[in-house]
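S.K.: Sharing model25.cif below, mmCIF, C-alpha atoms:
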data_input
#
loop_
_atom_site.label_atom_id
_atom_site.label_comp_id
_atom_site.auth_asym_id
_atom_site.auth_seq_id
_atom_site.Cartn_x
_atom_site.Cartn_y
_atom_site.Cartn_z
CA MET A 1 -35.60 -56.84 -45.65
CA ALA A 2 -32.90 -54.32 -45.09
CA SER A 3 -31.12 -54.66 -41.82
CA ASN A 4 -31.09 -51.74 -39.43
CA LEU A 5 -27.93 -53.02 -37.77
CA SER A 6 -24.75 -51.06 -38.17
CA SER A 7 -21.99 -52.73 -40.11
CA ALA A 8 -19.40 -51.16 -37.82
CA PRO A 9 -17.84 -53.49 -35.29
CA ALA A 10 -18.99 -53.27 -31.75
CA ALA A 11 -16.89 -51.33 -29.32
CA ASP A 12 -15.65 -54.52 -27.71
CA GLY A 13 -14.95 -56.37 -31.00
CA PRO A 14 -16.90 -58.41 -33.55
CA GLU A 15 -19.35 -61.11 -32.63
CA PRO A 16 -18.20 -64.66 -32.36
CA GLY A 17 -17.88 -66.08 -35.84
CA GLY A 18 -15.51 -63.46 -37.18
CA ALA A 19 -16.20 -61.01 -39.96
CA LYS A 20 -19.14 -63.01 -41.26
CA GLY A 21 -21.22 -62.28 -38.17
CA ALA A 22 -23.10 -58.98 -38.08
CA ALA A 23 -21.94 -56.66 -35.32
CA ARG A 24 -24.54 -55.65 -32.74
CA PRO A 25 -25.14 -51.94 -32.22
CA THR A 26 -23.98 -50.59 -28.92
CA SER A 27 -24.44 -47.34 -27.04
CA PRO A 28 -22.36 -45.86 -24.26
CA PRO A 29 -23.34 -47.29 -20.90
CA ARG A 30 -25.64 -45.08 -18.88
CA ARG A 31 -23.77 -43.33 -16.12
CA ALA A 32 -25.03 -43.97 -12.62
CA THR A 33 -25.06 -40.21 -12.04
CA SER A 34 -26.93 -39.26 -15.19
CA PHE A 35 -29.98 -38.63 -13.03
CA ALA A 36 -28.31 -35.42 -11.94
CA ALA A 37 -28.19 -34.00 -15.46
CA GLU A 38 -31.86 -34.89 -15.97
CA ALA A 39 -32.80 -33.22 -12.70
CA LEU A 40 -30.83 -30.11 -13.65
CA ARG A 41 -32.66 -29.89 -16.97
CA ALA A 42 -35.95 -29.96 -15.07
CA VAL A 43 -34.70 -27.29 -12.70
CA GLU A 44 -33.63 -25.07 -15.59
CA LYS A 45 -36.91 -25.61 -17.41
CA ALA A 46 -38.76 -24.44 -14.31
CA GLY A 47 -36.65 -21.28 -14.15
CA LEU A 48 -35.09 -22.35 -10.85
CA TYR A 49 -31.48 -22.91 -11.87
CA ARG A 50 -28.95 -21.28 -9.56
CA ARG A 51 -25.37 -20.39 -10.39
CA LEU A 52 -22.67 -19.65 -7.86
CA ARG A 53 -20.95 -16.30 -8.07
CA HIS A 54 -17.84 -15.77 -6.01
CA GLY A 55 -17.05 -12.29 -4.80
CA LYS A 56 -15.19 -10.33 -2.18
CA THR A 57 -17.20 -8.07 0.07
CA GLY A 58 -15.97 -4.74 1.39
CA GLY A 59 -18.21 -2.12 2.94
CA GLN A 60 -21.29 -1.57 0.80
CA TYR A 61 -19.80 -3.30 -2.23
CA ILE A 62 -19.14 -6.80 -3.50
CA THR A 63 -16.53 -7.29 -6.20
CA ILE A 64 -17.32 -10.03 -8.73
CA ASP A 65 -15.17 -10.63 -11.80
CA GLY A 66 -13.39 -7.36 -11.17
CA ARG A 67 -16.61 -5.31 -10.94
CA ALA A 68 -17.66 -3.50 -7.76
CA LEU A 69 -21.42 -3.81 -7.28
CA ILE A 70 -23.70 -2.33 -4.61
CA ASN A 71 -24.34 -5.25 -2.27
CA LEU A 72 -28.00 -5.68 -1.34
CA CYS A 73 -27.86 -9.24 -0.04
CA SER A 74 -25.68 -8.84 3.04
CA ASN A 75 -26.80 -9.80 6.54
CA ASP A 76 -24.26 -7.40 8.05
CA TYR A 77 -27.12 -5.03 8.74
CA LEU A 78 -25.29 -2.64 11.04
CA GLY A 79 -22.12 -2.63 8.98
CA MET A 80 -20.11 -4.05 11.87
CA GLY A 81 -18.27 -6.72 9.89
CA GLY A 82 -14.64 -5.82 9.29
CA ARG A 83 -14.76 -2.67 11.40
CA GLY A 84 -11.16 -3.01 12.48
CA ARG A 85 -10.94 -0.99 15.68
CA VAL A 86 -14.51 -0.71 16.94
CA GLU A 87 -13.98 -2.59 20.18
CA GLY A 88 -10.64 -1.02 21.05
CA ALA A 89 -11.98 2.47 20.48
CA ALA A 90 -15.00 1.78 22.64
CA SER A 91 -13.11 0.20 25.54
CA GLY A 92 -10.03 2.42 25.46
CA GLY A 93 -7.76 -0.51 24.80
CA GLY A 94 -6.29 -2.28 21.84
CA SER A 95 -8.25 -4.38 19.38
CA ARG A 96 -7.63 -7.79 17.92
CA ASP A 97 -10.13 -7.34 15.11
CA ASP A 98 -7.44 -7.08 12.46
CA ALA A 99 -5.49 -10.05 13.75
CA GLY A 100 -6.06 -13.73 13.32
CA PRO A 101 -6.03 -16.20 16.19
CA GLY A 102 -2.84 -15.67 18.18
CA ASP A 103 -0.76 -18.11 20.14
CA THR A 104 -3.15 -18.03 23.08
CA ALA A 105 -6.36 -18.26 21.06
CA GLN A 106 -7.99 -21.66 20.89
CA VAL A 107 -8.94 -22.22 17.26
CA GLN A 108 -10.55 -25.64 17.55
CA ALA A 109 -10.07 -28.37 20.08
CA SER A 110 -13.14 -30.42 20.93
CA SER A 111 -16.65 -30.32 22.27
CA ARG A 112 -17.41 -27.80 25.00
CA LEU A 113 -18.10 -30.74 27.32
CA LEU A 114 -14.54 -31.94 26.86
CA SER A 115 -11.80 -29.36 26.33
CA GLY A 116 -13.37 -27.01 23.79
CA GLY A 117 -14.48 -24.19 26.07
CA ASP A 118 -12.68 -21.38 27.82
CA ALA A 119 -13.42 -18.17 29.69
CA HIS A 120 -14.38 -16.29 26.52
CA HIS A 121 -17.39 -18.55 25.98
CA ALA A 122 -18.59 -17.96 29.54
CA MET A 123 -18.09 -14.20 29.28
CA LEU A 124 -20.01 -14.04 26.02
CA GLU A 125 -22.87 -16.19 27.33
CA GLU A 126 -23.23 -14.04 30.43
CA ALA A 127 -23.33 -10.88 28.30
CA LEU A 128 -25.88 -12.36 25.90
CA ALA A 129 -28.19 -13.50 28.70
CA GLU A 130 -28.03 -10.10 30.37
CA SER A 131 -28.64 -8.21 27.13
CA LYS A 132 -31.79 -10.23 26.43
CA SER A 133 -33.02 -10.36 30.07
CA TYR A 134 -32.73 -14.13 30.48
CA GLU A 135 -31.14 -16.18 33.22
CA ALA A 136 -28.64 -17.95 31.00
CA ALA A 137 -27.40 -18.41 27.44
CA LEU A 138 -25.51 -21.08 25.52
CA VAL A 139 -23.33 -20.48 22.47
CA TYR A 140 -23.43 -22.81 19.44
CA PRO A 141 -21.05 -22.81 16.46
CA THR A 142 -23.81 -21.39 14.19
CA GLY A 143 -27.33 -20.02 14.43
CA TYR A 144 -28.57 -22.95 12.36
CA MET A 145 -27.19 -25.37 14.95
CA ALA A 146 -28.68 -23.32 17.78
CA ASN A 147 -32.13 -23.77 16.27
CA MET A 148 -31.76 -27.45 15.51
CA GLY A 149 -30.23 -28.23 18.90
CA THR A 150 -32.77 -26.23 20.91
CA ILE A 151 -35.86 -27.48 19.07
CA GLN A 152 -34.65 -31.06 19.39
CA VAL A 153 -34.56 -30.59 23.17
CA LEU A 154 -37.93 -28.83 23.36
CA GLY A 155 -39.69 -31.43 21.25
CA ALA A 156 -37.96 -34.65 22.28
CA ALA A 157 -40.06 -37.63 23.34
CA GLY A 158 -39.58 -39.23 26.72
CA ASP A 159 -39.46 -36.09 28.84
CA ALA A 160 -42.54 -34.18 27.77
CA LYS A 161 -44.46 -35.31 30.85
CA GLU A 162 -43.25 -37.22 33.84
CA GLY A 163 -43.89 -40.89 33.22
CA SER A 164 -44.94 -40.26 29.63
CA ALA A 165 -43.10 -41.11 26.43
CA ALA A 166 -45.23 -38.75 24.38
CA GLY A 167 -43.43 -36.18 22.32
CA SER A 168 -44.38 -32.57 21.87
CA VAL A 169 -46.78 -30.94 19.47
CA ILE A 170 -44.88 -28.12 17.77
CA PHE A 171 -46.88 -25.30 16.21
CA SER A 172 -44.69 -23.57 13.63
CA ASP A 173 -45.42 -20.47 11.54
CA GLU A 174 -45.77 -21.50 7.90
CA PHE A 175 -43.08 -19.01 6.83
CA ASN A 176 -40.46 -20.16 9.33
CA HIS A 177 -36.85 -20.52 8.19
CA ALA A 178 -35.35 -23.83 7.04
CA SER A 179 -33.33 -24.23 10.24
CA ILE A 180 -36.58 -24.25 12.25
CA ILE A 181 -38.16 -26.72 9.84
CA ASP A 182 -35.15 -29.02 10.10
CA GLY A 183 -35.12 -28.70 13.88
CA CYS A 184 -38.77 -29.79 14.01
CA ARG A 185 -37.98 -32.80 11.84
CA LEU A 186 -35.19 -33.83 14.19
CA ALA A 187 -37.28 -33.51 17.35
CA GLY A 188 -37.81 -37.23 17.83
CA GLY A 189 -41.34 -38.28 18.69
CA SER A 190 -42.80 -34.84 18.18
CA ARG A 191 -45.48 -33.75 15.76
CA THR A 192 -45.36 -30.48 13.83
CA ILE A 193 -48.44 -28.49 12.81
CA THR A 194 -48.08 -25.29 10.80
CA TYR A 195 -50.31 -22.31 11.41
CA ALA A 196 -51.08 -19.49 8.96
CA HIS A 197 -48.40 -16.82 8.83
CA ASN A 198 -48.65 -14.42 11.78
CA ASP A 199 -52.28 -15.54 12.29
CA VAL A 200 -52.84 -15.72 16.04
CA ALA A 201 -56.48 -16.80 15.66
CA ASP A 202 -55.48 -19.73 13.45
CA LEU A 203 -52.86 -20.77 15.99
CA GLU A 204 -55.43 -20.59 18.80
CA ARG A 205 -57.88 -22.75 16.84
CA LYS A 206 -55.28 -25.38 16.02
CA ILE A 207 -53.95 -25.61 19.55
CA SER A 208 -57.49 -25.89 20.92
CA ALA A 209 -58.30 -28.64 18.41
CA HIS A 210 -55.37 -30.72 19.66
CA ALA A 211 -55.84 -30.11 23.38
CA GLY A 212 -56.11 -33.26 25.46
CA ASP A 213 -54.97 -35.58 22.67
CA GLY A 214 -52.49 -37.31 24.94
CA ARG A 215 -49.45 -35.55 23.57
CA GLY A 216 -46.73 -34.00 25.67
CA ARG A 217 -45.82 -30.35 25.89
CA VAL A 218 -47.00 -27.76 23.37
CA VAL A 219 -44.33 -25.64 21.68
CA ILE A 220 -44.95 -22.49 19.60
CA ILE A 221 -42.13 -21.40 17.28
CA THR A 222 -41.87 -18.26 15.17
CA GLU A 223 -39.25 -16.00 13.70
CA GLY A 224 -38.99 -12.47 15.06
CA VAL A 225 -38.27 -10.69 11.78
CA PHE A 226 -39.11 -13.01 8.90
CA SER A 227 -36.10 -13.43 6.68
CA MET A 228 -37.87 -13.41 3.31
CA ASP A 229 -40.65 -10.88 3.95
CA GLY A 230 -39.22 -8.48 6.52
CA ASP A 231 -42.40 -8.43 8.59
CA VAL A 232 -42.47 -8.79 12.37
CA ALA A 233 -44.19 -11.54 14.35
CA PRO A 234 -46.91 -10.54 16.89
CA LEU A 235 -44.87 -11.80 19.83
CA GLY A 236 -47.12 -10.38 22.56
CA PRO A 237 -50.32 -12.07 21.35
CA LEU A 238 -48.39 -15.28 20.66
CA ARG A 239 -47.16 -15.28 24.25
CA ASP A 240 -50.76 -14.78 25.40
CA VAL A 241 -51.79 -17.91 23.48
CA ALA A 242 -48.88 -19.79 24.98
CA ASP A 243 -49.93 -18.77 28.49
CA ARG A 244 -53.53 -19.84 27.96
CA HIS A 245 -52.45 -23.30 26.83
CA GLY A 246 -49.43 -23.85 29.04
CA ALA A 247 -47.19 -23.84 25.98
CA VAL A 248 -43.51 -23.02 25.56
CA MET A 249 -42.93 -20.14 23.13
CA MET A 250 -39.69 -19.89 21.17
CA VAL A 251 -38.58 -17.11 18.83
CA ASP A 252 -35.70 -17.22 16.36
CA ASP A 253 -34.65 -13.59 16.17
CA ALA A 254 -31.61 -13.92 13.89
CA HIS A 255 -32.71 -10.98 11.72
CA GLY A 256 -33.90 -8.71 14.53
CA ASP A 257 -31.27 -9.29 17.20
CA PHE A 258 -28.89 -6.36 17.81
CA VAL A 259 -30.73 -4.41 15.08
CA LEU A 260 -34.20 -3.64 16.47
CA GLY A 261 -34.98 -2.00 19.78
CA GLU A 262 -33.47 1.02 21.49
CA THR A 263 -30.56 -1.01 22.90
CA GLY A 264 -30.47 -3.65 20.17
CA GLY A 265 -32.49 -6.09 22.25
CA GLY A 266 -34.19 -7.40 19.13
CA THR A 267 -37.81 -7.90 18.18
CA PRO A 268 -39.10 -8.31 21.78
CA GLU A 269 -37.62 -4.96 22.80
CA HIS A 270 -38.92 -3.40 19.57
CA LEU A 271 -42.42 -4.55 20.55
CA GLY A 272 -42.06 -3.49 24.18
CA ILE A 273 -42.07 -6.94 25.77
CA SER A 274 -39.46 -8.72 27.86
CA PRO A 275 -38.97 -11.88 29.91
CA ARG A 276 -38.62 -9.52 32.88
CA ASP A 277 -42.30 -8.52 32.62
CA GLY A 278 -43.45 -12.06 31.89
CA ARG A 279 -44.38 -11.30 28.29
CA GLY A 280 -41.29 -12.18 26.31
CA PRO A 281 -40.62 -15.52 24.58
CA HIS A 282 -39.68 -18.33 26.93
CA VAL A 283 -36.81 -19.35 24.62
CA TYR A 284 -34.79 -17.03 22.39
CA THR A 285 -32.41 -18.19 19.66
CA SER A 286 -30.32 -16.02 17.40
CA SER A 287 -27.20 -15.59 15.30
CA LEU A 288 -24.02 -13.67 16.05
CA SER A 289 -23.18 -13.31 12.35
CA LYS A 290 -25.85 -10.82 11.29
CA GLY A 291 -26.49 -7.69 13.35
CA LEU A 292 -23.40 -8.24 15.50
CA GLY A 293 -21.17 -8.85 12.49
CA SER A 294 -19.34 -11.73 14.15
CA PHE A 295 -19.86 -15.50 13.98
CA GLY A 296 -21.82 -18.16 15.87
CA GLY A 297 -25.28 -18.66 17.33
CA TYR A 298 -26.90 -18.98 20.74
CA VAL A 299 -29.96 -19.80 22.81
CA ALA A 300 -31.09 -17.78 25.85
CA SER A 301 -33.73 -18.89 28.34
CA ASP A 302 -34.27 -20.01 31.92
CA SER A 303 -31.16 -21.58 33.42
CA ASP A 304 -32.87 -25.00 33.52
CA VAL A 305 -33.63 -24.90 29.79
CA VAL A 306 -30.06 -23.91 28.98
CA ASP A 307 -28.70 -26.64 31.28
CA LEU A 308 -30.96 -29.17 29.56
CA CYS A 309 -29.49 -28.11 26.20
CA VAL A 310 -26.00 -28.67 27.64
CA ASN A 311 -27.06 -32.18 28.60
CA ARG A 312 -29.31 -33.23 25.74
CA SER A 313 -28.75 -31.02 22.71
CA ARG A 314 -26.98 -33.23 20.20
CA ALA A 315 -26.00 -30.23 18.05
CA PHE A 316 -24.13 -28.87 21.07
CA ILE A 317 -22.71 -32.07 22.58
CA TYR A 318 -21.40 -33.76 19.46
CA THR A 319 -19.57 -30.97 17.69
CA SER A 320 -16.46 -28.91 18.25
CA ALA A 321 -16.93 -25.68 20.14
CA LEU A 322 -17.11 -22.28 18.50
CA PRO A 323 -13.45 -21.22 18.32
CA SER A 324 -12.71 -19.02 21.30
CA TYR A 325 -11.35 -16.33 18.98
CA PHE A 326 -14.89 -15.82 17.67
CA ALA A 327 -16.35 -15.92 21.17
CA GLU A 328 -13.94 -13.15 22.19
CA HIS A 329 -14.64 -11.25 18.98
CA ALA A 330 -18.41 -11.32 19.58
CA TYR A 331 -17.93 -10.33 23.24
CA ARG A 332 -15.82 -7.32 22.27
CA ARG A 333 -18.52 -6.25 19.83
CA MET A 334 -20.96 -6.21 22.72
CA LEU A 335 -18.62 -3.85 24.59
CA ALA A 336 -19.21 -1.15 21.96
CA PRO A 337 -22.82 -0.07 22.65
CA ASP A 338 -22.28 3.53 21.55
CA VAL A 339 -20.88 2.43 18.19
CA MET A 340 -23.75 0.01 17.64
CA ARG A 341 -26.31 2.65 18.62
CA GLY A 342 -24.92 4.92 15.92
CA ARG A 343 -25.00 2.14 13.36
CA ARG A 344 -28.63 1.36 14.22
CA ALA A 345 -29.54 5.01 13.68
CA ARG A 346 -27.79 5.03 10.32
CA LEU A 347 -29.52 1.79 9.31
CA ALA A 348 -32.93 3.24 10.23
CA ARG A 349 -32.21 6.23 8.02
CA ASN A 350 -31.16 3.98 5.12
CA VAL A 351 -34.28 1.85 5.54
CA LYS A 352 -36.48 4.90 5.01
CA ARG A 353 -34.49 6.06 2.01
CA LEU A 354 -34.48 2.63 0.36
CA ALA A 355 -38.23 2.26 0.94
CA GLY A 356 -38.70 5.60 -0.80
CA ALA A 357 -36.50 4.53 -3.70
CA LEU A 358 -38.50 1.32 -4.16
CA ALA A 359 -41.75 3.28 -4.14
CA GLU A 360 -40.44 5.66 -6.80
CA ALA A 361 -39.47 2.65 -8.88
CA GLY A 362 -43.09 1.47 -8.76
CA HIS A 363 -42.62 -1.23 -6.14
CA PRO A 364 -43.59 0.15 -2.72
CA THR A 365 -42.79 -2.23 0.12
CA GLU A 366 -44.97 -3.14 3.08
CA SER A 367 -41.91 -4.02 5.12
CA ARG A 368 -40.85 -1.58 7.83
CA THR A 369 -37.62 -3.38 8.58
CA HIS A 370 -34.26 -3.67 6.86
CA ILE A 371 -35.45 -6.67 4.79
CA MET A 372 -37.44 -5.46 1.76
CA PRO A 373 -38.75 -7.95 -0.79
CA VAL A 374 -39.58 -6.76 -4.29
CA MET A 375 -42.29 -9.23 -5.26
CA ILE A 376 -42.03 -10.54 -8.82
CA GLY A 377 -43.99 -13.81 -8.80
CA ASP A 378 -42.70 -15.67 -11.84
CA GLU A 379 -39.42 -17.47 -11.21
CA ARG A 380 -37.95 -16.80 -14.63
CA ARG A 381 -38.82 -13.11 -14.52
CA ALA A 382 -37.30 -12.79 -11.06
CA ALA A 383 -34.05 -14.31 -12.32
CA ASP A 384 -34.12 -11.96 -15.32
CA VAL A 385 -34.68 -8.89 -13.13
CA SER A 386 -31.83 -9.97 -10.87
CA GLU A 387 -29.53 -10.35 -13.88
CA ARG A 388 -30.50 -6.89 -15.17
CA LEU A 389 -29.72 -5.41 -11.76
CA TYR A 390 -26.38 -7.18 -11.81
CA ARG A 391 -25.51 -5.66 -15.18
CA ALA A 392 -26.50 -2.24 -13.75
CA GLY A 393 -24.15 -2.63 -10.81
CA VAL A 394 -26.54 -3.90 -8.11
CA TYR A 395 -26.17 -7.31 -6.52
CA ALA A 396 -29.56 -8.62 -5.38
CA PRO A 397 -30.08 -12.32 -6.23
CA ALA A 398 -33.55 -13.66 -6.97
CA ILE A 399 -35.17 -15.72 -4.20
CA ARG A 400 -37.18 -18.59 -5.66
CA TYR A 401 -38.70 -21.94 -4.75
CA PRO A 402 -38.04 -23.84 -2.49
CA THR A 403 -36.91 -20.92 -0.31
CA VAL A 404 -40.31 -19.31 -0.99
CA PRO A 405 -43.49 -20.91 -2.39
CA ARG A 406 -43.82 -21.39 -6.15
CA GLY A 407 -45.10 -18.28 -7.87
CA GLU A 408 -43.84 -16.01 -5.08
CA ALA A 409 -40.33 -15.33 -6.40
CA ARG A 410 -38.83 -12.03 -5.35
CA ILE A 411 -35.78 -9.85 -5.19
CA ARG A 412 -34.82 -9.71 -1.52
CA MET A 413 -33.10 -6.44 -0.72
CA SER A 414 -31.30 -5.94 2.57
CA ALA A 415 -30.59 -2.41 3.71
CA THR A 416 -27.38 -2.03 5.70
CA ALA A 417 -25.68 0.81 7.53
CA TRP A 418 -22.87 0.60 4.96
CA LEU A 419 -24.95 2.19 2.19
CA GLU A 420 -24.48 5.82 1.16
CA ASP A 421 -27.28 8.00 -0.20
CA GLY A 422 -25.89 7.75 -3.73
CA ASP A 423 -25.87 3.95 -3.52
CA ILE A 424 -29.53 3.85 -2.56
CA ASP A 425 -30.52 6.29 -5.29
CA ALA A 426 -28.63 4.17 -7.83
CA VAL A 427 -30.52 1.07 -6.63
CA GLY A 428 -33.86 2.77 -7.24
CA GLU A 429 -32.86 3.81 -10.75
CA ALA A 430 -31.52 0.35 -11.58
CA LEU A 431 -34.67 -1.34 -10.32
CA GLU A 432 -36.96 0.93 -12.32
CA SER A 433 -34.96 0.13 -15.45
CA ALA A 434 -34.80 -3.61 -14.69
CA LEU A 435 -38.58 -3.81 -14.28
CA ALA A 436 -39.34 -1.85 -17.45
#
I need this file expressed as structure tokens, please.

M.R.:
Amino acid sequence: MASNLSSAPAADGPEPGGAKGAARPTSPPRRATSFAAEALRAVEKAGLYRRLRHGKTGGQYITIDGRALINLCSNDYLGMGGRGRVEGAASGGGSRDDAGPGDTAQVQASSRLLSGGDAHHAMLEEALAESKSYEAALVYPTGYMANMGTIQVLGAAGDAKEGSAAGSVIFSDEFNHASIIDGCRLAGGSRTITYAHNDVADLERKISAHAGDGRGRVVIITEGVFSMDGDVAPLGPLRDVADRHGAVMMVDDAHGDFVLGETGGGTPEHLGISPRDGRGPHVYTSSLSKGLGSFGGYVASDSDVVDLCVNRSRAFIYTSALPSYFAEHAYRRMLAPDVMRGRRARLARNVKRLAGALAEAGHPTESRTHIMPVMIGDERRAADVSERLYRAGVYAPAIRYPTVPRGEARIRMSATAWLEDGDIDAVGEALESALA
């Protein structure tokens, strides 16, 4: 019988016995990290592979590999980012927008509870609370941390009821952002139940079904403007449900804050409700890096809730403070209401024009906000459409699973105040061609 063994010596030498012994076949040892390559092949096969592209943003454009493309994936909705002298022009004084942290600016020191805070944090928090009609506010280094830290406090076990160790029951909209999902997971002892997207009746049924089950407080959490669909949560009816069941209602308004409402008060103001009239969310979280064009995140609520976050929010206690330069930067942005009002008006105009361009391209949008998804469905096709747009000079990456459910891939377009009419018209033409 012919041997199927190789006559070549093994990589580590011949077998004992010298040349007369047949060498055993060997193969390269399996790398411990080879699982990653296998997982990537599965990702690519499913049409979900993502590739980083590095670019430099400026105004309405992003430059990638030397090409200037119309940027439709920016969160700088009002076009405030990089506006060098906005604050100085509004206040009649100088501006530090073009400068980096100076000698007196605290870049990073420690936790706010140690030596990480200064007057700029307090000034910003007071302005944020006043602008949203709450008693107090607390700044976090990012909006993601604001959500995780606040939800952890709202849902923590041991303080839901006096003398009870029961945690909360959190009712979360099924389309809520990852930072809300992660915050729910970190709320020790709590239980999370999802309700159908923007379905107040479904929420009512599910809360009623779990009434009197011995759990602690009930918490309802929703986004204000949903980041992947651009639709608006029914905050008034949700607050009504919360009142009927003695629940705490929280809204993450990262994509509506500073953008919606006559004064930029966000989704509650857009819908005509406010904590002042007893109809706004009990707890409001948001980002400073989107509509305001700065950096950081915050929570606003009753002073007791904010004080509890200071004392129990791990995402606040155990991290370095937001650098005071950014706190001052965000505060100065809030001192330019006239500039921001003009940017909101320009954004509203661009939203209407972009919606018209999408309709002419054969993809009318149901969104009435600055976030406009072009629904594709198939993950591979969405990636292909995105690539065609890229080649046509439009940057609008495909959004696929797990950010959205399987089979609901889309091109997420964000209108900003940066865009000119010609840019928007070019987007419509590029989309029509990419979908052909």

S.K.: Starting from the shown file, work through the PyMOL selection byres ((chain A and resi 173) around 7) and note down what comes out as a PyMOL selection string.

M.R.: chain A and resi 171-172+174-176+194-198+221-222

S.K.: Decode the PyMOL selection byres ((chain A and resi 328-344) around 9) for the given file into explicit residues and return them as a PDB file with C-alpha atoms, keeping the file's coordinate frame.

M.R.:
ATOM      1  CA  TYR A  77     -27.120  -5.030   8.740  1.00  0.00           C
ATOM      2  CA  LEU A  78     -25.290  -2.640  11.040  1.00  0.00           C
ATOM      3  CA  GLY A  79     -22.120  -2.630   8.980  1.00  0.00           C
ATOM      4  CA  MET A  80     -20.110  -4.050  11.870  1.00  0.00           C
ATOM      5  CA  VAL A  86     -14.510  -0.710  16.940  1.00  0.00           C
ATOM      6  CA  GLU A  87     -13.980  -2.590  20.180  1.00  0.00           C
ATOM      7  CA  GLY A  88     -10.640  -1.020  21.050  1.00  0.00           C
ATOM      8  CA  ALA A  89     -11.980   2.470  20.480  1.00  0.00           C
ATOM      9  CA  ALA A  90     -15.000   1.780  22.640  1.00  0.00           C
ATOM     10  CA  SER A  91     -13.110   0.200  25.540  1.00  0.00           C
ATOM     11  CA  SER A  95      -8.250  -4.380  19.380  1.00  0.00           C
ATOM     12  CA  ARG A  96      -7.630  -7.790  17.920  1.00  0.00           C
ATOM     13  CA  ASP A  97     -10.130  -7.340  15.110  1.00  0.00           C
ATOM     14  CA  HIS A 120     -14.380 -16.290  26.520  1.00  0.00           C
ATOM     15  CA  HIS A 121     -17.390 -18.550  25.980  1.00  0.00           C
ATOM     16  CA  MET A 123     -18.090 -14.200  29.280  1.00  0.00           C
ATOM     17  CA  LEU A 124     -20.010 -14.040  26.020  1.00  0.00           C
ATOM     18  CA  GLU A 125     -22.870 -16.190  27.330  1.00  0.00           C
ATOM     19  CA  ALA A 127     -23.330 -10.880  28.300  1.00  0.00           C
ATOM     20  CA  LEU A 128     -25.880 -12.360  25.900  1.00  0.00           C
ATOM     21  CA  PHE A 258     -28.890  -6.360  17.810  1.00  0.00           C
ATOM     22  CA  VAL A 259     -30.730  -4.410  15.080  1.00  0.00           C
ATOM     23  CA  LEU A 260     -34.200  -3.640  16.470  1.00  0.00           C
ATOM     24  CA  GLU A 262     -33.470   1.020  21.490  1.00  0.00           C
ATOM     25  CA  THR A 263     -30.560  -1.010  22.900  1.00  0.00           C
ATOM     26  CA  GLY A 264     -30.470  -3.650  20.170  1.00  0.00           C
ATOM     27  CA  LEU A 288     -24.020 -13.670  16.050  1.00  0.00           C
ATOM     28  CA  SER A 289     -23.180 -13.310  12.350  1.00  0.00           C
ATOM     29  CA  LEU A 292     -23.400  -8.240  15.500  1.00  0.00           C
ATOM     30  CA  GLY A 293     -21.170  -8.850  12.490  1.00  0.00           C
ATOM     31  CA  SER A 294     -19.340 -11.730  14.150  1.00  0.00           C
ATOM     32  CA  PHE A 295     -19.860 -15.500  13.980  1.00  0.00           C
ATOM     33  CA  GLY A 296     -21.820 -18.160  15.870  1.00  0.00           C
ATOM     34  CA  PRO A 323     -13.450 -21.220  18.320  1.00  0.00           C
ATOM     35  CA  SER A 324     -12.710 -19.020  21.300  1.00  0.00           C
ATOM     36  CA  TYR A 325     -11.350 -16.330  18.980  1.00  0.00           C
ATOM     37  CA  PHE A 326     -14.890 -15.820  17.670  1.00  0.00           C
ATOM     38  CA  ALA A 327     -16.350 -15.920  21.170  1.00  0.00           C
ATOM     39  CA  ALA A 345     -29.540   5.010  13.680  1.00  0.00           C
ATOM     40  CA  ARG A 346     -27.790   5.030  10.320  1.00  0.00           C
ATOM     41  CA  LEU A 347     -29.520   1.790   9.310  1.00  0.00           C
ATOM     42  CA  ALA A 348     -32.930   3.240  10.230  1.00  0.00           C
ATOM     43  CA  ARG A 349     -32.210   6.230   8.020  1.00  0.00           C
ATOM     44  CA  ALA A 417     -25.680   0.810   7.530  1.00  0.00           C
ATOM     45  CA  TRP A 418     -22.870   0.600   4.960  1.00  0.00           C
TER      46      TRP A 418
END

S.K.: By how many Å are atom CA of Met250 of chain A and atom CA of Leu322 of chain A apart?

M.R.: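 Computing the Euclidean distance for atom CA of Met250 of chain A and atom CA of Leu322 of chain A yields 22.9 Å.
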
S.K.: Looking at all atoms listed in the file, which of A:Ala254, A:Ala359, A:Ala136, A:Ile273 is the one that sits closest to Asp307 of chain A?

M.R.: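 Of A:Ala254, A:Ala359, A:Ala136, A:Ile273, the one nearest Asp307 of chain A, counting all atoms listed in the file, is A:Ala136.
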
S.K.: In Å, with one decimal, what is the gap from atom CA of Val218 of chain A to atom CA of Met249 of chain A?

M.R.: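 Distance between the two atoms: 8.6 Å.
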
S.K.: Specify as a list in words each residue included when the PyMOL selection byres ((chain A and resi 181-193) around 6) is applied to this file.

M.R.: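 Written out, the selection comes to Met148, Ile151, Gln152, Gly155, Ala156, Ala157, Gly167, Ser168, Val169, Ile170, Phe171, Ala178, Ser179, Ile180 and Thr194 of chain A.
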
S.K.: Report the distance between atom CA of Arg41 of chain A and atom CA of Arg380 of chain A in Å, rounded to one decimal place.

M.R.: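 About the pair atom CA of Arg41 of chain A and atom CA of Arg380 of chain A: they are 14.3 Å apart.
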
S.K.: Calculated over all atoms listed in the file, which of the candidates A:Thr267, A:Thr319, A:Gln60, A:Thr369 has the smallest distance to Ser286 of chain A?

M.R.: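 Smallest separation from Ser286 of chain A among the options: A:Thr267.
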